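Note: the block below is query_14.cif and it holds mmCIF, C-alpha atoms.
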```
data_structure
loop_
_atom_site.label_atom_id
_atom_site.label_comp_id
_atom_site.auth_asym_id
_atom_site.auth_seq_id
_atom_site.Cartn_x
_atom_site.Cartn_y
_atom_site.Cartn_z
CA MET C 1 31.01 -8.54 -47.30
CA SER C 2 28.01 -7.75 -49.47
CA TYR C 3 24.69 -6.71 -47.99
CA HIS C 4 21.40 -7.58 -49.65
CA LEU C 5 19.76 -4.25 -48.94
CA PRO C 6 17.38 -1.94 -50.78
CA PRO C 7 18.57 1.64 -51.38
CA LEU C 8 18.43 3.73 -48.21
CA PRO C 9 16.07 6.37 -49.70
CA TRP C 10 13.53 3.62 -50.41
CA LEU C 11 13.67 2.46 -46.79
CA ARG C 12 13.30 6.02 -45.53
CA ALA C 13 10.27 6.50 -47.74
CA PHE C 14 8.82 3.18 -46.55
CA GLU C 15 9.17 4.13 -42.88
CA ALA C 16 7.71 7.59 -43.40
CA ALA C 17 4.79 6.29 -45.47
CA ALA C 18 4.04 3.59 -42.88
CA ARG C 19 4.11 6.15 -40.08
CA ARG C 20 2.10 8.76 -41.95
CA GLY C 21 -0.32 6.43 -43.68
CA SER C 22 0.01 8.40 -46.90
CA PHE C 23 2.49 8.80 -49.73
CA ALA C 24 1.65 12.50 -49.98
CA THR C 25 2.37 13.34 -46.32
CA ALA C 26 5.48 11.15 -46.36
CA ALA C 27 6.66 13.02 -49.44
CA SER C 28 6.11 16.36 -47.71
CA GLU C 29 8.19 15.21 -44.74
CA LEU C 30 11.01 13.95 -46.94
CA GLY C 31 11.01 16.93 -49.30
CA LEU C 32 9.97 14.80 -52.27
CA THR C 33 6.98 14.65 -54.59
CA SER C 34 4.18 12.20 -53.95
CA ALA C 35 4.93 10.56 -57.30
CA ALA C 36 8.57 10.02 -56.26
CA VAL C 37 7.58 8.27 -53.02
CA SER C 38 4.99 6.17 -54.84
CA TYR C 39 7.63 5.15 -57.41
CA GLN C 40 10.13 4.23 -54.67
CA MET C 41 7.53 2.05 -52.94
CA ARG C 42 6.67 0.23 -56.15
CA ALA C 43 10.38 -0.32 -56.77
CA LEU C 44 10.90 -1.59 -53.21
CA GLU C 45 7.96 -3.98 -53.49
CA GLN C 46 9.26 -5.22 -56.84
CA MET C 47 12.71 -5.84 -55.37
CA LEU C 48 11.31 -7.71 -52.38
CA GLY C 49 8.74 -9.57 -54.43
CA TYR C 50 5.87 -8.84 -52.05
CA PRO C 51 3.42 -5.96 -51.46
CA LEU C 52 4.10 -3.83 -48.39
CA PHE C 53 1.01 -1.61 -48.58
CA GLU C 54 -2.64 -1.94 -49.41
CA ARG C 55 -3.60 1.12 -51.47
CA LEU C 56 -6.95 2.29 -50.11
CA PRO C 57 -9.26 5.04 -51.42
CA ARG C 58 -8.06 7.17 -48.52
CA GLY C 59 -4.58 6.41 -47.32
CA LEU C 60 -2.53 3.26 -46.94
CA ARG C 61 -2.59 0.15 -44.83
CA LEU C 62 0.41 -2.07 -44.19
CA THR C 63 0.16 -5.68 -45.25
CA ASP C 64 1.19 -8.34 -42.73
CA LEU C 65 4.60 -8.54 -44.40
CA GLY C 66 4.81 -4.75 -44.37
CA LYS C 67 4.15 -4.72 -40.62
CA ALA C 68 6.81 -7.38 -40.07
CA TYR C 69 9.37 -5.51 -42.21
CA LEU C 70 8.69 -2.17 -40.53
CA VAL C 71 9.99 -3.41 -37.16
CA PRO C 72 13.60 -4.14 -38.21
CA VAL C 73 13.67 -1.11 -40.53
CA ARG C 74 12.77 1.22 -37.66
CA GLN C 75 15.17 -0.56 -35.33
CA SER C 76 17.97 -0.16 -37.86
CA PHE C 77 17.28 3.56 -38.26
CA SER C 78 17.23 3.93 -34.46
CA GLU C 79 20.57 2.17 -34.11
CA LEU C 80 22.09 4.29 -36.88
CA SER C 81 20.82 7.46 -35.19
CA ILE C 82 22.23 6.39 -31.83
CA ALA C 83 25.60 5.44 -33.34
CA THR C 84 25.87 8.66 -35.35
CA LEU C 85 25.03 10.87 -32.38
CA SER C 86 27.28 8.89 -30.02
CA ILE C 87 30.31 9.19 -32.31
CA PHE C 88 29.87 12.60 -33.90
CA GLY C 89 27.62 14.42 -31.45
CA PRO C 90 24.60 16.62 -32.23
CA GLU C 91 24.65 19.48 -34.70
CA GLY C 92 25.06 22.39 -32.33
CA GLU C 93 23.56 22.26 -28.87
CA ALA C 94 20.49 20.05 -28.38
CA VAL C 95 17.95 20.27 -25.53
CA LEU C 96 16.29 17.06 -24.39
CA ASN C 97 13.07 17.28 -22.35
CA ILE C 98 12.66 14.34 -19.97
CA ARG C 99 9.47 13.75 -18.04
CA VAL C 100 9.82 11.36 -15.09
CA PRO C 101 8.00 10.48 -11.84
CA VAL C 102 9.48 12.42 -8.95
CA SER C 103 10.52 9.43 -6.81
CA PHE C 104 12.18 7.66 -9.75
CA ALA C 105 13.94 10.90 -10.63
CA VAL C 106 15.31 11.67 -7.16
CA LEU C 107 16.00 8.16 -5.91
CA TRP C 108 17.41 6.52 -9.04
CA LEU C 109 17.79 8.63 -12.19
CA THR C 110 19.42 11.89 -11.07
CA PRO C 111 22.44 10.27 -9.35
CA ARG C 112 23.27 8.70 -12.73
CA LEU C 113 22.66 11.65 -15.05
CA SER C 114 26.17 13.01 -14.68
CA GLY C 115 27.45 9.96 -16.54
CA PHE C 116 25.22 10.71 -19.53
CA ALA C 117 26.11 14.42 -19.39
CA ARG C 118 29.86 13.69 -19.43
CA ALA C 119 29.49 11.26 -22.34
CA HIS C 120 27.32 13.68 -24.36
CA PRO C 121 28.27 17.26 -23.47
CA GLY C 122 26.44 18.61 -26.53
CA ILE C 123 23.06 17.53 -25.16
CA ARG C 124 21.45 19.68 -22.48
CA LEU C 125 19.04 17.77 -20.27
CA ARG C 126 15.84 19.41 -19.08
CA LEU C 127 14.29 17.23 -16.40
CA PHE C 128 10.79 17.80 -15.09
CA SER C 129 8.69 15.59 -12.88
CA ALA C 130 5.04 14.92 -12.25
CA ILE C 131 3.44 12.87 -9.51
CA TRP C 132 0.26 11.77 -11.21
CA ALA C 133 0.42 10.15 -14.63
CA ASP C 134 -2.37 12.32 -16.06
CA ALA C 135 -0.63 15.60 -15.17
CA LEU C 136 0.78 16.12 -18.65
CA PRO C 137 3.32 18.91 -19.18
CA THR C 138 2.65 21.69 -21.63
CA ASP C 139 6.14 21.49 -23.15
CA LYS C 140 7.05 18.90 -25.73
CA THR C 141 8.35 15.74 -24.06
CA ASP C 142 11.20 13.88 -25.76
CA VAL C 143 11.54 11.07 -23.20
CA ASP C 144 8.54 10.07 -21.09
CA ILE C 145 8.94 7.67 -18.15
CA ARG C 146 5.82 6.65 -16.25
CA PHE C 147 4.70 4.29 -13.53
CA GLY C 148 1.54 2.28 -14.03
CA TYR C 149 0.02 -0.60 -15.96
CA GLY C 150 1.40 0.24 -19.40
CA ASN C 151 -1.85 1.39 -20.99
CA TRP C 152 -1.70 5.10 -21.77
CA PRO C 153 -3.91 6.17 -24.69
CA GLY C 154 -1.97 7.65 -27.59
CA SER C 155 1.35 6.11 -26.52
CA ALA C 156 3.19 2.84 -26.96
CA ALA C 157 4.65 1.67 -23.63
CA GLN C 158 7.84 -0.36 -23.34
CA LEU C 159 8.45 -2.05 -20.00
CA LEU C 160 11.61 -0.71 -18.34
CA VAL C 161 11.62 -2.43 -14.98
CA ASN C 162 9.24 -4.12 -12.56
CA ASP C 163 10.32 -3.94 -8.92
CA PRO C 164 8.89 -5.74 -5.89
CA ILE C 165 7.72 -3.81 -2.85
CA VAL C 166 9.47 -4.04 0.52
CA LEU C 167 8.63 -2.91 4.03
CA VAL C 168 10.93 -0.25 5.52
CA THR C 169 11.21 1.32 8.97
CA ALA C 170 13.66 3.53 10.80
CA PRO C 171 16.89 1.72 11.82
CA ASP C 172 15.99 1.84 15.52
CA SER C 173 12.29 1.08 15.07
CA PRO C 174 10.82 -1.68 17.26
CA ILE C 175 8.90 -3.00 14.22
CA LYS C 176 10.36 -6.41 13.37
CA SER C 177 7.46 -8.00 11.48
CA VAL C 178 3.99 -7.30 10.12
CA ARG C 179 2.51 -8.25 13.49
CA ASP C 180 4.17 -5.23 15.11
CA ILE C 181 2.34 -2.70 12.89
CA ASP C 182 -0.88 -0.91 13.82
CA SER C 183 -2.88 1.48 11.65
CA ALA C 184 -1.29 4.61 13.14
CA GLN C 185 2.14 3.41 12.04
CA MET C 186 1.19 2.76 8.41
CA ILE C 187 2.45 5.34 5.91
CA GLN C 188 0.10 5.13 2.91
CA ILE C 189 1.03 6.20 -0.63
CA MET C 190 -1.83 7.46 -2.77
CA GLY C 191 -2.70 5.29 -5.73
CA VAL C 192 -1.49 2.02 -4.21
CA GLU C 193 -3.84 1.82 -1.26
CA SER C 194 -4.20 -1.95 -1.53
CA ASP C 195 -0.49 -2.61 -0.88
CA TRP C 196 -1.05 -2.76 2.86
CA LEU C 197 -4.06 -5.03 2.45
CA HIS C 198 -1.99 -7.36 0.28
CA LEU C 199 0.81 -7.40 2.86
CA PHE C 200 -1.45 -8.35 5.76
CA GLU C 201 -3.27 -10.96 3.67
CA SER C 202 0.06 -12.54 2.68
CA ALA C 203 0.87 -12.82 6.41
CA GLY C 204 -2.54 -14.42 7.12
CA MET C 205 -3.69 -11.36 9.05
CA VAL C 206 -6.49 -8.82 8.87
CA LEU C 207 -5.69 -5.22 7.97
CA PRO C 208 -5.88 -3.04 11.11
CA LYS C 209 -8.96 -0.84 11.31
CA GLY C 210 -8.79 2.92 11.34
CA GLY C 211 -6.89 3.63 8.12
CA ALA C 212 -3.32 4.76 7.64
CA GLY C 213 -1.71 7.12 10.08
CA ILE C 214 -0.26 9.38 7.38
CA THR C 215 -1.06 9.46 3.65
CA VAL C 216 1.36 10.99 1.13
CA ASP C 217 1.51 11.25 -2.65
CA THR C 218 5.04 9.97 -3.34
CA SER C 219 7.36 7.20 -2.21
CA LEU C 220 9.97 9.89 -1.57
CA ALA C 221 7.75 11.55 1.06
CA ALA C 222 6.95 8.19 2.64
CA LEU C 223 10.65 7.35 2.96
CA GLU C 224 11.44 10.73 4.50
CA ILE C 225 8.75 10.22 7.15
CA VAL C 226 10.03 6.74 7.99
CA ALA C 227 13.63 8.04 8.12
CA SER C 228 12.52 10.66 10.64
CA GLY C 229 11.55 7.83 12.99
CA HIS C 230 7.83 7.39 12.41
CA GLY C 231 6.06 4.20 11.35
CA ALA C 232 6.65 1.97 8.33
CA ALA C 233 6.09 2.20 4.58
CA LEU C 234 5.75 -0.13 1.63
CA VAL C 235 7.91 1.12 -1.24
CA LEU C 236 9.55 -0.24 -4.37
CA SER C 237 12.81 -2.01 -3.55
CA ARG C 238 14.67 0.29 -5.97
CA PHE C 239 13.58 3.33 -3.95
CA ALA C 240 14.41 1.76 -0.59
CA THR C 241 18.00 1.10 -1.70
CA ALA C 242 18.97 4.78 -1.79
CA PHE C 243 17.81 5.37 1.81
CA GLU C 244 19.30 2.08 3.02
CA ALA C 245 22.71 2.98 1.61
CA SER C 246 22.82 6.10 3.78
CA GLY C 247 21.59 4.19 6.84
CA ARG C 248 18.37 6.19 7.10
CA VAL C 249 15.98 3.24 6.83
CA ARG C 250 16.17 -0.54 7.12
CA ARG C 251 14.17 -3.25 5.41
CA VAL C 252 12.13 -5.61 7.52
CA PRO C 253 13.63 -9.01 6.62
CA GLY C 254 11.61 -11.59 4.75
CA ILE C 255 9.07 -9.20 3.24
CA GLU C 256 9.16 -8.77 -0.53
CA LEU C 257 5.95 -8.76 -2.55
CA PRO C 258 5.35 -8.63 -6.31
CA HIS C 259 3.93 -5.41 -7.70
CA ASP C 260 1.47 -5.12 -10.56
CA GLN C 261 2.66 -1.68 -11.72
CA SER C 262 5.98 -0.98 -13.40
CA HIS C 263 8.06 1.80 -14.87
CA TYR C 264 7.57 2.21 -18.61
CA LEU C 265 9.18 4.19 -21.40
CA LEU C 266 6.48 5.83 -23.52
CA THR C 267 6.65 6.61 -27.21
CA PRO C 268 3.94 8.91 -28.61
CA GLN C 269 1.94 7.27 -31.38
CA ASN C 270 1.93 10.33 -33.58
CA PHE C 271 3.38 11.22 -36.96
CA GLU C 272 6.73 12.43 -35.66
CA ALA C 273 9.85 10.31 -35.94
CA PRO C 274 11.70 10.15 -32.59
CA ARG C 275 14.62 12.52 -32.17
CA ALA C 276 18.06 10.95 -32.30
CA GLU C 277 18.88 12.49 -28.89
CA ALA C 278 15.80 10.82 -27.39
CA LEU C 279 16.80 7.46 -28.86
CA LEU C 280 20.30 7.90 -27.45
CA PHE C 281 19.02 8.73 -23.96
CA SER C 282 16.50 5.86 -24.00
CA ASP C 283 19.25 3.44 -25.03
CA TRP C 284 21.49 4.75 -22.24
CA LEU C 285 18.63 4.39 -19.73
CA ARG C 286 18.03 0.76 -20.65
CA GLN C 287 21.76 0.02 -20.47
CA GLU C 288 21.98 1.54 -16.96
CA LEU C 289 19.07 -0.60 -15.77
CA ALA C 290 20.52 -3.73 -17.37
CA GLN C 291 23.98 -3.15 -15.89
CA GLU C 292 22.52 -2.56 -12.44
CA ALA C 293 20.44 -5.74 -12.71
CA ALA C 294 23.54 -7.69 -13.75
CA ARG C 295 25.55 -6.31 -10.81
CA ASN C 296 22.81 -7.26 -8.38
CA ASN C 297 22.18 -10.59 -10.12
CA HIS C 298 18.52 -9.66 -10.48
CA PRO C 299 16.28 -9.90 -13.54
CA LEU C 300 15.43 -6.55 -15.11
CA SER C 301 11.72 -7.22 -14.98
CA ASP C 302 9.20 -9.85 -14.16
CA LYS C 303 5.69 -10.05 -15.49
CA PRO C 304 3.68 -7.93 -13.02
CA ALA C 305 0.84 -9.60 -11.14
CA ARG C 306 -2.52 -8.20 -12.15
CA ARG C 307 -4.17 -6.55 -9.20
CA ARG C 308 -6.10 -3.55 -10.49
CA ARG C 309 -5.20 -0.24 -8.94
CA ARG C 310 -5.12 3.36 -9.92
CA SER C 311 -2.04 4.36 -11.87
CA HIS C 312 0.13 7.12 -10.44
CA GLY C 313 3.63 8.52 -10.45
CA LYS C 314 5.10 7.12 -7.22
#
```
Kindly present the structure from the file in structure tokens form.
Amino acid sequence: MSYHLPPLPWLRAFEAAARRGSFATAASELGLTSAAVSYQMRALEQMLGYPLFERLPRGLRLTDLGKAYLVPVRQSFSELSIATLSIFGPEGEAVLNIRVPVSFAVLWLTPRLSGFARAHPGIRLRLFSAIWADALPTDKTDVDIRFGYGNWPGSAAQLLVNDPIVLVTAPDSPIKSVRDIDSAQMIQIMGVESDWLHLFESAGMVLPKGGAGITVDTSLAALEIVASGHGAALVLSRFATAFEASGRVRRVPGIELPHDQSHYLLTPQNFEAPRAEALLFSDWLRQELAQEAARNNHPLSDKPARRRRRSHGK
């Protein structure tokens, strides 16, 4: 089989120049001269028969065809990086810094990390969590998972999963429906204060006066309070599953509401190419979510409803 492909160095130079916006900075990254990168781009454009860049007085700008071509080129490099690392492993020991919301980490991600660690023993995982999306870590983050609306300045956000919210109580709780809940029994999670309002409105009821009985900053804390026998909480269905499996909480039947915030995988919009280890982990993460959705016969994600709320880490 013959492949109609440009030389690999030309494609590498194209990706670097598109990311850097300059032949000179791309050349510095690749260990080449600016003239060499410029020559490769002219040769690539000649081979393709179309211009990929607009040469501006200061820097470069991709043409529409250049933008379209950049997508599969980057995807191909990502797939090659993932395949190379999966088969041959990293050069020496690699450390991967993963930033993740605490509830997502404890209730979904960490029980699955052993599978990644066994498959890739040469990659050391360094997991750190933050509750609020704006609490950025000082260390360099290789993989960044966040919960919110998908609009973080300086980053491109790829939707991972959108989960509905469910109502949970203790297994022996007398709460059987929304009508059994008063304000003192409501466990409120900061950042999604309107969830309770939405629940009562969907039931054709008025939100009880007096405010929530207890307010916490994570779904994990809310679930622990409910499991101890107090009140009810609205949490993402994915988070409720872990506590249900151990018999610590139960879902109130018939209550499942769409949520306008989702979990996203963030990619910094800077001049650095993503590390192969980060690409490998991100690919593994998406596969885990897809396999779980297939097992449960659920779609991975639905388009979130747009009810504006403050973004947080759940």
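Distance check against Arg286 (chain C) using only C-alpha atoms: of C:Pro57, C:Ser34, C:Glu256, C:His263, the minimum falls on C:His263.
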Take the PyMOL selection byres ((chain C and resi 120) around 12), run it mentally on this structure, and tell me the resulting residues as a list in words. Ile82, Leu85, Ser86, Ile87, Phe88, Gly89, Pro90, Glu93, Ala94, Val95, Leu96, Leu113, Ser114, Gly115, Phe116, Ala117, Arg118, Ala119, Pro121, Gly122, Ile123, Arg124, Leu125, Glu277, Leu280, Phe281 and Trp284 of chain C
Atoms kept (C-alpha atoms) for selection, written as an mmCIF file, in the frame of the given file:
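Dumped to again-v4.cif:
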```cif
data_model
loop_
_atom_site.group_PDB
_atom_site.id
_atom_site.type_symbol
_atom_site.label_atom_id
_atom_site.label_comp_id
_atom_site.auth_asym_id
_atom_site.auth_seq_id
_atom_site.Cartn_x
_atom_site.Cartn_y
_atom_site.Cartn_z
ATOM 1 C CA ILE C 82 22.230 6.390 -31.830
ATOM 2 C CA LEU C 85 25.030 10.870 -32.380
ATOM 3 C CA SER C 86 27.280 8.890 -30.020
ATOM 4 C CA ILE C 87 30.310 9.190 -32.310
ATOM 5 C CA PHE C 88 29.870 12.600 -33.900
ATOM 6 C CA GLY C 89 27.620 14.420 -31.450
ATOM 7 C CA PRO C 90 24.600 16.620 -32.230
ATOM 8 C CA GLU C 93 23.560 22.260 -28.870
ATOM 9 C CA ALA C 94 20.490 20.050 -28.380
ATOM 10 C CA VAL C 95 17.950 20.270 -25.530
ATOM 11 C CA LEU C 96 16.290 17.060 -24.390
ATOM 12 C CA LEU C 113 22.660 11.650 -15.050
ATOM 13 C CA SER C 114 26.170 13.010 -14.680
ATOM 14 C CA GLY C 115 27.450 9.960 -16.540
ATOM 15 C CA PHE C 116 25.220 10.710 -19.530
ATOM 16 C CA ALA C 117 26.110 14.420 -19.390
ATOM 17 C CA ARG C 118 29.860 13.690 -19.430
ATOM 18 C CA ALA C 119 29.490 11.260 -22.340
ATOM 19 C CA PRO C 121 28.270 17.260 -23.470
ATOM 20 C CA GLY C 122 26.440 18.610 -26.530
ATOM 21 C CA ILE C 123 23.060 17.530 -25.160
ATOM 22 C CA ARG C 124 21.450 19.680 -22.480
ATOM 23 C CA LEU C 125 19.040 17.770 -20.270
ATOM 24 C CA GLU C 277 18.880 12.490 -28.890
ATOM 25 C CA LEU C 280 20.300 7.900 -27.450
ATOM 26 C CA PHE C 281 19.020 8.730 -23.960
ATOM 27 C CA TRP C 284 21.490 4.750 -22.240
#
```
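Selection check: the PyMOL selection byres ((chain C and resi 247) around 12) on the shown file gives Val168, Thr169, Ala170, Pro171, Asp172, Val226, Ala227, Ser228, Ala240, Thr241, Ala242, Phe243, Glu244, Ala245, Ser246, Arg248, Val249, Arg250 and Arg251 of chain C.
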Expand the PyMOL selection byres ((chain C and resi 18) around 8) into the explicit residue set it covers here, and present it as a list in words. Phe14, Glu15, Ala16, Ala17, Arg19, Arg20, Gly21, Ser22, Leu60, Arg61, Leu62 and Leu70 of chain C
So, with only C-alpha atoms as the atoms that count, which of C:Ile175, C:Ala68, C:Leu5, C:Ala83 lies closest to Val252 (chain C)?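 Result for the nearest residue to Val252 (chain C): C:Ile175.
Note that the spacing between CA of Ser76 (chain C) and CA of Arg275 (chain C) amounts to 14.3 Å.
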Rank nothing, just name the residue among C:Pro258, C:Pro253, C:Gly213, C:Pro111 nearest to Met186 (chain C), using only C-alpha atoms.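 Of C:Pro258, C:Pro253, C:Gly213, C:Pro111, the one nearest Met186 (chain C), counting only C-alpha atoms, is C:Gly213.
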Distance criterion (only C-alpha atoms): nearest to Phe53 (chain C) out of C:Pro153, C:Gly231, C:Gly66, C:Gly254: C:Gly66
Have a look at CA of Leu109 (chain C) and CA of Arg146 (chain C) and let me know their distance in Å, one decimal.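 Separation of CA of Leu109 (chain C) and CA of Arg146 (chain C): 12.8 Å.
The coordinates place CA of Tyr264 (chain C) at 10.8 Å from CA of Ser155 (chain C).
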Given the choices C:Phe239, C:Leu127, C:Trp152, C:Pro274, which gets closest to Glu224 (chain C) if the distance is worked out from all atoms listed in the file?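 Closest candidate: C:Phe239.
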Taking only C-alpha atoms into account, which of C:Glu288, C:Asp195, C:Glu45, C:Asp144 comes nearest Ala157 (chain C)?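 Nearest to Ala157 (chain C): C:Asp144.
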Using all atoms listed in the file, which protein or nucleic acid residues come within 12 Å of Pro7 (chain C)? Drop anything in the same chain fewer than 5 positions from it, and give the result as a list in words.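 Contacts, in chain order: Arg12, Ala13, Phe14, Gln40, Met41, Ala43, Leu44, Met47 and Leu48 of chain C.
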Generate the output file for the selected residues, C-alpha atoms, as a CSV table (one decimal), keeping the file's coordinate frame.
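This is the output file out_30.csv:
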```csv
chain,number,residue,atom,x,y,z
C,12,ARG,CA,13.3,6.0,-45.5
C,13,ALA,CA,10.3,6.5,-47.7
C,14,PHE,CA,8.8,3.2,-46.6
C,40,GLN,CA,10.1,4.2,-54.7
C,41,MET,CA,7.5,2.0,-52.9
C,43,ALA,CA,10.4,-0.3,-56.8
C,44,LEU,CA,10.9,-1.6,-53.2
C,47,MET,CA,12.7,-5.8,-55.4
C,48,LEU,CA,11.3,-7.7,-52.4
```
Step by step, gather every atom of region 168-176 of chain C that the file lists, find the box along x, y and z that holds them, add 4 Å on each side, and finally give centre and edge lengths in Å to one decimal, as lines of an AutoDock Vina configuration file.
```
center_x = 12.9
center_y = -1.4
center_z = 11.4
size_x = 16.0
size_y = 17.9
size_z = 19.7
```
